[in-house]
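**Q** Can you keep this structure in mind? I'll have questions shortly.
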Amino acid sequence: MTHTILPEMIVPRPLSRGPASPDPYLPGTPGSDPLLTVTGLTVYRGSRRILDDVSFTLARGETLALVGESGAGKSTIASALMGLLAGRARVTGQAAFDDVPDLLAITSKGWSGLRGQRIAMIFQDAGAALNPCFTVGSQLTSVLRRQLGLDRATARQRAVTLLDSVGLNDAAARMSAYPHQLSGGMQQRVMVAIALACDPDLLFADEPTSALDVTIQAQIVRLILDQTRAKGASCVFVLHDLALASQTCDRIVVLYAGQVMESGPSDVVLNDPRHPYTRLLKSCVIEIGTHDLDPPDGSVPGYDDLPGGCRFATRCPRRLPRCAAERPPLTTLAGRSLACWNPETGE
Amino acid sequence: MLRQASAKIFQTLVVLVIVSIASFSLLKLAPGDPVVLMLGSEYSQDSYDELQAQLGLDQPVALQYVRWLRDFVTGDWGNSYVAKTDIFAFVVTQALPVTLTLTACAIVLAILIGVPLGVVSAVRKDSAWDVGIAAFALTGTAFPSFFLGIVLIWFFAVKVGFFPVMGFVAPWEDFWSGMLHLVLPALTLSTFFIGMIVRVTRAAMVEVLEQPYITAAIARGEPHRRVIWVHGFRNILMPLVTVIGLQLGAILQGAVLTETVFSLPGLGQMLTGAVLGREYVLVQAGVMLTATLFILVNLAVDLSYPFLDPRLRAR
């Protein structure tokens with residue numbers, strides 16, 4: 001996947017040069033109104049630790065981006081929090097959501113009333129995430145009928161309204177269409193409609209645009225943002241594009257090989273990255289077209305040969321002897337939290 | 001869709017013509033002269049010529065084929081040499097209903113047992129359930145049906161005495177007696193088929209359960225049972241129906257053995273008798289009939305695809 005820069009995204013956000021206040025959304029920071037608090041989320045697949053002690057907080061109405069290269073574990077976070085890894089991986093840690101003490105402790109039956117109703121998800125490839133054997137209308141109305149207890153006629157009416165609100169033209173006629181009869185963009189619009197059908201508090205959007213044409217990507221991102229904001233929902237975007245993330249989300253969590261490298265408000269992280277990895281990601285995005293492309297060396301290491309300490313140590317230009325041996329804790333620095341023994345200095 | 005369907009139907013007609021030619025050649029290639037066979041050992045050249053002309057066997061082969069096909073299609077299948085009875089009447093009123101009832105019962109039984117087992121296997125992949133069901137399926141497929149039939153007769157009919165030992169009672173004349181007579185043969189015939197269905201169902205279901213739309217269905221709160229039996233099952237119908245259609249040939253083959261073991265007066269028994277008695281006309285009728293049955297069922301399978309998978313419908 002290439003990094004795509006859309007005209008409207010290149011305009012940087014105004015750089016906040018105010019006093020370096022600590023990130024109000026750091027785990028455990030009082031005063032914020034957290035909807036989701038993830039602490040020490042660790043996922044094992046066999047003996048591999050594909051997520052290592054991931055912590056972050058999401059406030060009500062906030063939009064958070066999980067950013068990193070492919071294989072960084074971004075999507076795994078969303079799947080783990082929705083209980084979709086059951087039977088495939090071992091999950092430890094804690095995730096408090098609203099009045100639910102721990103999402104990670106819920107077993108099969110406990111999910112009813114949560115999944116689809118209070119927590120929803122939009123998938124990477126809408127064409128594959130819609131059942132090919134059922135019409136768009138039946139997949140949408142089945143959610144409405146089951147979760148909200150609507151009768152057939154009301155559900156149908158509501159479904160048409162929903163499809164209309166996500167920008168599907170001729171919504172009533174589209175109800176009887178099968179997924180393959182819609183374009184990729186329209187399929188993703190239907191997914192958005194299904195996900196938002198029950199007005200969820202929390203929405204996971206797992207790379208919702210990576211399967212779409214560049215021209216459609218911005219429309220879909222805009223749609224998801226507008227819809228979630230209109231409904232006051234919080235949203236976790238899984239993205240691999242730092243520019244897109246900073247343009248669209250309030251806060252960013254940068255992940256590398258299953259570890260959190262840096263997290264904080266978007267403008268702070270993008271405009272003044274302090275973690276060597278964030279800086280590397282940023283250089284990939286911003287410098288395309290302005291300088292000669294200087295691609296970073298190496299790629300994300302396989303999970304079998306990871307260093308014991310900071311997992312970025314093998315590729316890090318600022319590594320110290322201790323980096324590979326000892327894992328840096330998440331600390332607060334210049335308005336964001338950061339896990340690095342040798343952070344970059346400010347500009 | 002109509003164009004696709006008519007193309008399929010045309011294809012089927014071509015196959016049917018080929019089968020009929022093969023079937024017709026069977027009679028021509030068979031050792032022994034049917035005229036001689038009918039006349040017996042003592043005959044004059046005059047009576048030979050007379051009978052040959054009467055049977056139309058002095059005509060060119062192509063003409064003989066056309067006549068034969070016309071007769072076959074119009075239901076004039078001739079008389080059995082031995083029994084001197086009308087073959088068409090015998091096959092259609094006696095043999096075919098027996099075989100169709102037996103095969104249908106076996107298929108229904110195999111689906112009712114095989115599909116749930118296959119689904120459970122897939123859902124509980126690699127569990128003790130899965131291993132046990134796989135072992136059961138393999139045993140069923142590997143077990144020779146004639147042996148299983150005899151074991152079943154010995155145990156349920158002779159020892160326990162619950163089921164009749166053999167014979168056929170038409171269910172449309174006496175439903176319960178007919179069903180009782182059918183249980184053991186249908187079970188015997190379905191065992192190998194059950195194994196087949198279990199394995200196909202499991203393989204297809206395992207693949208379907210990995211699909212993003214299943215994860216998506218779970219993520220939007222669909223209950224487990226609905227995810228499996230609605231979202232999953234709907235998507236394995238196509239491979240399932242295909243295998244059932246293709247395996248019909250094997251089922252008809254199995255029916256021959258089963259009918260013999262249980263003394264059911266079906267097509268299978270008729271065919272074995274015809275082969276042993278060198279009644280080629282009867283063999284021919286049996287071959288044509290089973291082949292046509294197989295081809296028509298597979299045509300039906302083909303035509304059902306657009307209903308099973310919306311993606312195959314014309315846009």
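Going through the structure tokens in order, the chains are called A, B, and so on, while each chain numbers its residues from 1 and the ligands are numbered from 1 in the order shown.
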Please report as a tab-separated table every residue of chain B lying within 7 Å of chain A, along with the nearest atom pair and their distance in Å (one decimal), using only C-alpha atoms.
**A**
```
residue	atom	partner	partner_atom	distance
B:Pro212	CA	A:Ala129	CA	4.8
B:Tyr213	CA	A:Ala129	CA	3.8
B:Ala216	CA	A:Ala129	CA	5.7
B:Ala219	CA	A:Arg115	CA	5.7
B:Arg220	CA	A:Gly116	CA	3.7
B:Gly221	CA	A:Arg115	CA	4.7
B:His231	CA	A:Asn131	CA	7.0
B:Arg234	CA	A:Cys133	CA	6.9
B:Asn235	CA	A:Cys133	CA	6.8
B:Asp309	CA	A:Cys133	CA	6.1
B:Pro310	CA	A:Cys133	CA	6.0
B:Arg311	CA	A:His180	CA	6.6
```
**Q** Using only C-alpha atoms, determine which residues lie at most 12 Å from Ala173 (chain A), disregarding the query and same-chain residues fewer than 6 positions distant; provide the list as a PyMOL selection string.
**A** chain A and resi 135-137+156+159-160+163-164+181-182
**Q** Tell me which of B:Ala250, B:Val241, B:Ile214, B:Val198 sits closest to Ile228 (chain B), counting only C-alpha atoms.
**A**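 Comparing B:Ala250, B:Val241, B:Ile214, B:Val198 against Ile228 (chain B), the winner is B:Ile214.
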**Q** Give the alpha helix (DSSP H) residues of region 160-250 of chain B, as assigned by DSSP on the backbone, as a ChimeraX atom specification.
**A** /B:175-209,212-219,224-226,237-246,248-250
**Q** List the neighbours of Ser263 (chain A) out to 12 Å using only C-alpha atoms; skip same-chain residues closer than 6 positions along the sequence, and give me the result as JSON, numbers by chain.
**A** {"A": [22, 23, 24, 25, 26, 27, 54, 55, 56, 57, 58, 64, 65, 66, 67, 68, 246, 250, 251, 252, 253, 254, 255, 256, 269, 270, 272, 273, 274, 275, 277, 278, 330, 331, 332, 333, 334, 335, 336, 337, 338, 339, 340]}
**Q** Could you give me, as a PyMOL selection string, the residues within 6 Å of region 319-329 of chain A, counting only C-alpha atoms and dropping anything in the same chain fewer than 5 positions from it?
**A** chain A and resi 307-310+313+339-341
**Q** So what do you get for CA of Gly195 (chain B) versus CA of Thr139 (chain B), distance-wise?
**A** 7.8 Å
**Q** Residues near Ala96 (chain A), anyone? I mean within 8 Å using only C-alpha atoms, not counting same-chain ones fewer than 5 positions away, as a compact mmCIF listing (two decimals) with N, CA and C atoms, in the first residue's frame.
**A**
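result-v3.txt, freshly written:
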```txt
# COMPACT_ATOMS: atom_id res chain seq x y z
N LEU A 35 -13.97 6.81 27.91
CA LEU A 35 -14.95 5.83 27.49
C LEU A 35 -14.30 4.46 27.49
N LEU A 36 -13.05 4.43 27.04
CA LEU A 36 -12.33 3.17 26.92
C LEU A 36 -10.94 3.35 27.52
N THR A 37 -10.59 2.51 28.47
CA THR A 37 -9.25 2.56 29.06
C THR A 37 -8.60 1.20 28.90
N VAL A 38 -7.61 1.14 28.07
CA VAL A 38 -6.92 -0.12 27.81
C VAL A 38 -5.61 -0.11 28.59
N PRO A 101 -16.50 -3.40 33.25
CA PRO A 101 -15.18 -3.34 33.86
C PRO A 101 -14.06 -3.85 32.96
N ASP A 102 -14.33 -4.90 32.18
CA ASP A 102 -13.24 -5.44 31.37
C ASP A 102 -13.79 -6.15 30.13
N LEU A 103 -13.58 -5.56 28.97
CA LEU A 103 -14.04 -6.17 27.73
C LEU A 103 -13.32 -7.49 27.45
```
**Q** Give me the residues within 12 Å of region 15-21 of chain B as JSON, numbers by chain, counting only C-alpha atoms and dropping any in the same chain fewer than 3 places off.
**A** {"B": [8, 9, 10, 11, 12, 24, 25, 26, 27, 28, 29, 61, 62, 64, 65, 66, 68, 69, 70, 72, 73, 284, 285, 286, 287, 288, 289, 290, 291, 292, 293, 294, 295, 296, 298, 299]}
**Q** Export N, CA and C atoms of the chosen residues as an mmCIF file, in the first residue's frame?
**A**
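Result saved to part.cif:
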```
data_model
loop_
_atom_site.group_PDB
_atom_site.id
_atom_site.type_symbol
_atom_site.label_atom_id
_atom_site.label_comp_id
_atom_site.auth_asym_id
_atom_site.auth_seq_id
_atom_site.Cartn_x
_atom_site.Cartn_y
_atom_site.Cartn_z
ATOM 1 N N LYS B 8 -26.826 -24.475 -20.960
ATOM 2 C CA LYS B 8 -26.645 -25.692 -20.152
ATOM 3 C C LYS B 8 -27.558 -26.803 -20.647
ATOM 4 N N ILE B 9 -28.806 -26.428 -20.967
ATOM 5 C CA ILE B 9 -29.766 -27.440 -21.411
ATOM 6 C C ILE B 9 -29.314 -28.030 -22.749
ATOM 7 N N PHE B 10 -28.818 -27.182 -23.631
ATOM 8 C CA PHE B 10 -28.328 -27.669 -24.912
ATOM 9 C C PHE B 10 -27.167 -28.643 -24.699
ATOM 10 N N GLN B 11 -26.230 -28.235 -23.813
ATOM 11 C CA GLN B 11 -25.102 -29.096 -23.453
ATOM 12 C C GLN B 11 -25.596 -30.468 -23.002
ATOM 13 N N THR B 12 -26.606 -30.441 -22.140
ATOM 14 C CA THR B 12 -27.137 -31.684 -21.600
ATOM 15 C C THR B 12 -27.708 -32.561 -22.707
ATOM 16 N N PHE B 24 -26.659 -47.547 -27.563
ATOM 17 C CA PHE B 24 -27.086 -48.271 -28.756
ATOM 18 C C PHE B 24 -25.972 -49.208 -29.241
ATOM 19 N N SER B 25 -24.720 -48.682 -29.214
ATOM 20 C CA SER B 25 -23.597 -49.504 -29.667
ATOM 21 C C SER B 25 -23.428 -50.722 -28.782
ATOM 22 N N LEU B 26 -23.795 -50.568 -27.515
ATOM 23 C CA LEU B 26 -23.687 -51.693 -26.587
ATOM 24 C C LEU B 26 -24.403 -52.910 -27.169
ATOM 25 N N LEU B 27 -25.570 -52.639 -27.722
ATOM 26 C CA LEU B 27 -26.365 -53.728 -28.293
ATOM 27 C C LEU B 27 -25.683 -54.309 -29.531
ATOM 28 N N LYS B 28 -25.111 -53.410 -30.331
ATOM 29 C CA LYS B 28 -24.458 -53.843 -31.575
ATOM 30 C C LYS B 28 -23.184 -54.641 -31.257
ATOM 31 N N LEU B 29 -22.462 -54.196 -30.219
ATOM 32 C CA LEU B 29 -21.166 -54.808 -29.910
ATOM 33 C C LEU B 29 -21.315 -56.088 -29.104
ATOM 34 N N VAL B 61 -27.161 -49.069 -40.065
ATOM 35 C CA VAL B 61 -27.023 -48.858 -38.617
ATOM 36 C C VAL B 61 -27.586 -47.497 -38.188
ATOM 37 N N ALA B 62 -27.312 -46.448 -38.992
ATOM 38 C CA ALA B 62 -27.777 -45.109 -38.622
ATOM 39 C C ALA B 62 -29.300 -45.088 -38.513
ATOM 40 N N GLN B 64 -31.206 -47.670 -37.971
ATOM 41 C CA GLN B 64 -31.564 -48.470 -36.790
ATOM 42 C C GLN B 64 -31.489 -47.622 -35.521
ATOM 43 N N TYR B 65 -30.430 -46.777 -35.476
ATOM 44 C CA TYR B 65 -30.247 -45.933 -34.284
ATOM 45 C C TYR B 65 -31.395 -44.940 -34.143
ATOM 46 N N VAL B 66 -31.743 -44.304 -35.248
ATOM 47 C CA VAL B 66 -32.805 -43.299 -35.197
ATOM 48 C C VAL B 66 -34.118 -43.948 -34.762
ATOM 49 N N TRP B 68 -34.454 -46.730 -33.102
ATOM 50 C CA TRP B 68 -34.325 -47.157 -31.710
ATOM 51 C C TRP B 68 -34.546 -45.982 -30.760
ATOM 52 N N LEU B 69 -33.939 -44.817 -31.104
ATOM 53 C CA LEU B 69 -34.056 -43.637 -30.254
ATOM 54 C C LEU B 69 -35.520 -43.189 -30.201
ATOM 55 N N ARG B 70 -36.181 -43.225 -31.396
ATOM 56 C CA ARG B 70 -37.571 -42.813 -31.443
ATOM 57 C C ARG B 70 -38.413 -43.714 -30.527
ATOM 58 N N PHE B 72 -37.357 -45.456 -28.034
ATOM 59 C CA PHE B 72 -36.988 -45.266 -26.633
ATOM 60 C C PHE B 72 -37.700 -44.048 -26.059
ATOM 61 N N VAL B 73 -37.661 -42.955 -26.820
ATOM 62 C CA VAL B 73 -38.258 -41.716 -26.325
ATOM 63 C C VAL B 73 -39.772 -41.873 -26.195
ATOM 64 N N GLN B 284 -29.517 -52.298 -21.764
ATOM 65 C CA GLN B 284 -29.521 -51.030 -22.474
ATOM 66 C C GLN B 284 -30.515 -50.046 -21.849
ATOM 67 N N ALA B 285 -31.694 -50.534 -21.593
ATOM 68 C CA ALA B 285 -32.709 -49.676 -20.983
ATOM 69 C C ALA B 285 -32.227 -49.175 -19.628
ATOM 70 N N GLY B 286 -31.641 -50.073 -18.838
ATOM 71 C CA GLY B 286 -31.140 -49.692 -17.516
ATOM 72 C C GLY B 286 -30.050 -48.650 -17.612
ATOM 73 N N VAL B 287 -29.115 -48.868 -18.557
ATOM 74 C CA VAL B 287 -28.008 -47.929 -18.722
ATOM 75 C C VAL B 287 -28.543 -46.559 -19.138
ATOM 76 N N MET B 288 -29.425 -46.565 -20.136
ATOM 77 C CA MET B 288 -29.997 -45.304 -20.596
ATOM 78 C C MET B 288 -30.690 -44.564 -19.454
ATOM 79 N N LEU B 289 -31.432 -45.326 -18.696
ATOM 80 C CA LEU B 289 -32.230 -44.724 -17.643
ATOM 81 C C LEU B 289 -31.351 -44.132 -16.544
ATOM 82 N N THR B 290 -30.372 -44.909 -16.062
ATOM 83 C CA THR B 290 -29.514 -44.395 -14.988
ATOM 84 C C THR B 290 -28.688 -43.221 -15.494
ATOM 85 N N ALA B 291 -28.172 -43.341 -16.720
ATOM 86 C CA ALA B 291 -27.371 -42.239 -17.262
ATOM 87 C C ALA B 291 -28.218 -40.974 -17.388
ATOM 88 N N THR B 292 -29.431 -41.133 -17.905
ATOM 89 C CA THR B 292 -30.311 -39.975 -18.057
ATOM 90 C C THR B 292 -30.623 -39.346 -16.702
ATOM 91 N N LEU B 293 -30.885 -40.207 -15.746
ATOM 92 C CA LEU B 293 -31.173 -39.736 -14.391
ATOM 93 C C LEU B 293 -30.017 -38.895 -13.863
ATOM 94 N N PHE B 294 -28.811 -39.454 -14.002
ATOM 95 C CA PHE B 294 -27.610 -38.784 -13.522
ATOM 96 C C PHE B 294 -27.421 -37.440 -14.225
ATOM 97 N N ILE B 295 -27.579 -37.457 -15.533
ATOM 98 C CA ILE B 295 -27.359 -36.230 -16.305
ATOM 99 C C ILE B 295 -28.412 -35.180 -15.960
ATOM 100 N N LEU B 296 -29.654 -35.610 -15.817
ATOM 101 C CA LEU B 296 -30.715 -34.642 -15.510
ATOM 102 C C LEU B 296 -30.523 -34.040 -14.114
ATOM 103 N N ASN B 298 -27.719 -33.626 -12.594
ATOM 104 C CA ASN B 298 -26.614 -32.677 -12.647
ATOM 105 C C ASN B 298 -26.979 -31.418 -13.419
ATOM 106 N N LEU B 299 -27.894 -31.561 -14.367
ATOM 107 C CA LEU B 299 -28.417 -30.362 -15.025
ATOM 108 C C LEU B 299 -29.162 -29.506 -13.998
#
```
**Q** Near Val238 (chain A), within 8 Å and counting only C-alpha atoms, which residues show up once chain neighbours fewer than 3 positions away are dropped, as a list of chain:residue names?
**A**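 My list of contacting residues is A:Ala65, A:Leu66, A:Val67, A:Lys74, A:Ser75, A:Phe204, A:Ala205, A:Asp206, A:Glu207, A:Pro208.
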